[in-house]
$ cat work00.txt   # compact mmCIF, C-alpha atoms
# COMPACT_ATOMS: atom_id res chain seq x y z
CA MET A 1 10.42 -7.60 -1.45
CA GLY A 2 7.61 -6.39 0.73
CA GLU A 3 4.18 -6.82 2.22
CA ILE A 4 1.54 -4.12 2.47
CA TRP A 5 -1.43 -3.63 4.77
CA THR A 6 -4.21 -1.10 4.53
CA LYS A 7 -6.66 -0.10 7.22
CA GLN A 8 -9.13 2.76 7.39
CA GLU A 9 -10.91 3.88 10.56
CA GLY A 10 -14.29 5.54 10.85
CA PRO A 11 -17.60 4.42 9.35
CA LEU A 12 -15.75 2.54 6.59
CA HIS A 13 -13.26 -0.02 7.92
CA PHE A 14 -11.61 -1.33 4.77
CA THR A 15 -8.68 -3.69 5.28
CA GLY A 16 -6.39 -5.32 2.73
CA HIS A 17 -3.09 -7.14 2.32
CA ALA A 18 -0.79 -7.85 -0.63
CA GLU A 19 2.78 -8.90 -1.35
CA LEU A 20 5.04 -7.15 -3.82
CA ARG A 21 8.58 -6.86 -5.19
CA ILE A 22 9.98 -3.53 -6.36
CA PRO A 23 13.10 -4.19 -8.43
CA ILE A 24 15.45 -1.23 -7.91
CA GLN A 25 18.43 -0.14 -9.96
CA PHE A 26 21.35 1.51 -8.15
CA ASN A 27 23.34 4.27 -9.83
CA ASP A 28 27.05 5.01 -9.23
CA ASP A 29 26.19 7.95 -6.95
CA GLY A 30 24.15 5.72 -4.55
CA SER A 31 20.77 6.84 -5.85
CA PHE A 32 18.18 4.27 -6.89
CA ASP A 33 14.70 3.94 -8.31
CA GLY A 34 12.25 1.28 -9.36
CA GLN A 35 8.59 0.50 -9.68
CA THR A 36 6.10 -2.33 -9.86
CA THR A 37 2.38 -2.77 -10.40
CA ILE A 38 0.16 -5.09 -8.34
CA ASP A 39 -3.53 -5.78 -7.81
CA VAL A 40 -4.97 -5.04 -4.36
CA ALA A 41 -8.32 -6.01 -2.85
CA GLU A 42 -9.83 -4.43 0.26
CA ALA A 43 -12.90 -5.53 2.19
CA ASN A 44 -15.25 -4.05 4.78
CA SER A 45 -18.27 -5.35 6.67
CA TYR A 46 -20.49 -3.68 9.22
CA THR A 47 -23.84 -3.87 10.97
CA ALA A 48 -25.98 -0.79 11.54
CA SER A 49 -29.26 -1.15 13.43
CA VAL A 50 -31.24 -3.76 11.42
CA MET A 51 -28.97 -3.77 8.36
CA SER A 52 -25.72 -5.66 7.68
CA CYS A 53 -23.42 -4.88 4.75
CA SER A 54 -20.25 -6.16 3.13
CA GLU A 55 -18.21 -4.09 0.71
CA LYS A 56 -15.26 -4.77 -1.58
CA ILE A 57 -12.84 -2.61 -3.55
CA SER A 58 -10.56 -4.18 -6.16
CA TYR A 59 -7.72 -2.08 -7.52
CA SER A 60 -6.28 -3.47 -10.74
CA GLY A 61 -2.81 -2.07 -11.38
CA VAL A 62 -1.72 -0.17 -8.25
CA THR A 63 1.68 1.39 -9.09
CA TRP A 64 4.36 1.43 -6.38
CA LYS A 65 7.40 3.63 -7.08
CA ALA A 66 10.56 3.66 -4.95
CA LYS A 67 13.13 6.45 -5.23
CA GLY A 68 15.99 7.32 -2.94
CA SER A 69 19.66 7.06 -2.12
CA VAL A 70 22.12 5.30 0.15
CA ASP A 71 25.07 7.22 1.61
CA ALA A 72 28.59 5.89 2.26
CA ARG A 73 27.69 4.98 5.88
CA GLY A 74 24.66 2.90 4.82
CA GLY A 75 21.97 5.44 5.67
CA MET A 76 19.01 5.23 3.31
CA GLN A 77 16.61 7.95 2.23
CA LEU A 78 13.51 6.48 0.60
CA THR A 79 10.27 7.83 -0.83
CA ILE A 80 7.57 5.39 -1.88
CA SER A 81 4.71 6.73 -4.00
CA VAL A 82 1.55 4.69 -4.43
CA GLN A 83 -0.86 5.47 -7.28
CA PHE A 84 -4.30 3.89 -7.19
CA PRO A 85 -6.35 3.53 -10.40
CA ALA A 86 -10.03 4.45 -10.39
CA SER A 87 -12.17 1.62 -9.05
CA GLU A 88 -15.61 0.78 -7.70
CA ILE A 89 -16.94 0.04 -4.23
CA LYS A 90 -19.27 -2.95 -4.54
CA SER A 91 -21.66 -3.46 -1.65
CA VAL A 92 -24.25 -6.02 -0.62
CA CYS A 93 -26.63 -5.13 2.21
CA THR A 94 -29.38 -7.11 3.91
CA ALA A 95 -32.21 -5.61 5.96
CA GLY A 96 -35.52 -7.19 6.89
CA GLY A 97 -34.79 -10.26 4.77
CA ILE A 98 -34.21 -8.15 1.64
CA THR A 99 -30.75 -8.08 0.00
CA THR A 100 -29.64 -5.23 -2.25
CA SER A 101 -26.44 -4.70 -4.27
CA ASP A 102 -24.83 -1.43 -5.30
CA SER A 103 -21.71 -0.18 -7.05
CA LEU A 104 -20.22 3.29 -6.59
CA PRO A 105 -17.16 4.95 -8.18
CA ASN A 106 -14.07 5.16 -5.96
CA ILE A 107 -11.23 7.64 -6.52
CA ARG A 108 -8.27 7.40 -4.14
CA PRO A 109 -5.48 10.01 -4.13
CA GLU A 110 -1.79 9.19 -4.52
CA GLN A 111 -0.06 8.45 -1.22
CA ASN A 112 3.60 8.99 -0.32
CA MET A 113 5.61 7.34 2.44
CA GLU A 114 9.01 8.58 3.63
CA PHE A 115 11.76 6.54 5.29
CA SER A 116 15.18 7.63 6.57
CA ASP A 117 17.40 5.30 8.59
CA PHE A 118 20.20 2.75 8.39
CA VAL A 119 19.20 -0.46 6.62
CA GLU A 120 21.03 -3.77 6.23
CA VAL A 121 20.52 -6.22 3.40
CA GLY A 122 18.12 -8.91 4.65
CA SER A 123 16.72 -6.86 7.56
CA PRO A 124 13.07 -5.78 7.34
CA PHE A 125 11.99 -2.15 7.80
CA THR A 126 8.54 -0.56 7.91
CA VAL A 127 7.19 2.58 6.25
CA GLU A 128 3.76 4.02 7.00
CA ASP A 129 1.54 6.79 5.70
CA PRO A 130 -1.31 7.66 8.08
CA TYR A 131 -4.36 8.82 6.14
CA PRO A 132 -5.45 12.36 7.05
CA GLN A 133 -8.98 11.03 7.79
CA GLY A 134 -7.74 8.09 9.93
CA GLY A 135 -6.33 4.67 9.18
CA SER A 136 -3.04 3.89 7.50
CA LEU A 137 -1.17 2.41 4.59
CA LYS A 138 1.77 0.43 5.94
CA ALA A 139 4.43 -1.58 4.12
CA GLN A 140 7.24 -3.75 5.39
CA PHE A 141 10.19 -4.15 3.03
CA THR A 142 13.36 -6.21 3.02
CA ILE A 143 16.28 -5.24 0.79
CA MET A 144 17.37 -8.37 -1.04
CA GLU A 145 20.61 -8.57 -3.03
CA GLU A 146 20.26 -10.45 -6.28
CA LYS A 147 23.30 -12.18 -7.69
CA GLN A 148 23.90 -11.52 -11.37

$ encode --input "work00.txt" --output "structure tokens"
Amino acid sequence: MGEIWTKQEGPLHFTGHAELRIPIQFNDDGSFDGQTTIDVAEANSYTASVMSCSEKISYSGVTWKAKGSVDARGGMQLTISVQFPASEIKSVCTAGGITTSDSLPNIRPEQNMEFSDFVEVGSPFTVEDPYPQGGSLKAQFTIMEEKQ
């Protein structure tokens, strides 16, 4: 179970938040993998001189994949890959009493986050992937044991 936050710095300050569950299957050797797909929305607003704008990006079907292993001492190695589908940036700007709308294509590359530490069932841990151009994609996860 986890929560994700996105934030980009610079002229575009998109922020977003979502909750997700990645069901994982453990193998006999301590390795595991799993994936889930969620929808994510990000928003941005800014004022420049005499113009104010608000922008939104909606990603339908963001795929989160978890792959890793747990050793005999409880140390976990984890890689989380996030794949974003193509989307659009929709903007509305107002200047001088005139409002305009626009829509532009948005392609976002796959992001990977690495984690290596000791983790206990029920204790949250955070993974983060700083964007090369500024900002970050951060997720906080809690390993939950499901009774079968």

$ residues_around --input "work00.txt" --residues "region 39-43 of chain A" --least-positions-apart "3" --cutoff "7 Å" --atoms "only C-alpha atoms" --output "compact mmCIF listing (two decimals) with C-alpha atoms, in the coordinates of the input"
# COMPACT_ATOMS: atom_id res chain seq x y z
CA PHE A 14 -11.61 -1.33 4.77
CA THR A 15 -8.68 -3.69 5.28
CA GLY A 16 -6.39 -5.32 2.73
CA ALA A 18 -0.79 -7.85 -0.63
CA GLU A 55 -18.21 -4.09 0.71
CA LYS A 56 -15.26 -4.77 -1.58
CA ILE A 57 -12.84 -2.61 -3.55
CA SER A 58 -10.56 -4.18 -6.16
CA TYR A 59 -7.72 -2.08 -7.52
CA SER A 60 -6.28 -3.47 -10.74
CA GLY A 61 -2.81 -2.07 -11.38
CA VAL A 62 -1.72 -0.17 -8.25

$ closest_residue --input "work00.txt" --among "A:Thr79, A:Ser52, A:Ser31, A:Ser87" --to "Val127 (chain A)" --atoms "all atoms listed in the file"
A:Thr79

$ residues_around --input "work00.txt" --residues "Pro23 (chain A)" --least-positions-apart "3" --cutoff "12 Å" --atoms "all atoms listed in the file" --output "MDAnalysis selection string"
chainID A and resid 1:2 20 26 32:37 64:67 141:146

$ closest_residue --input "work00.txt" --among "A:Gln83, A:Ser69, A:Thr63, A:Thr47" --to "Gln111 (chain A)" --atoms "all atoms listed in the file"
A:Gln83

$ residues_around --input "work00.txt" --residues "Ser49 (chain A)" --least-positions-apart "3" --cutoff "12 Å" --atoms "all atoms listed in the file" --output "PyMOL selection string"
chain A and resi 46+52-53+94-96

$ closest_residue --input "work00.txt" --among "A:Ala48, A:Ile22, A:Glu114, A:Ser54" --to "Lys90 (chain A)" --atoms "all atoms listed in the file"
A:Ser54

$ atom_distance --input "work00.txt" --atom1 "CA of Ala139 (chain A)" --atom2 "CA of Arg108 (chain A)"
17.6 Å
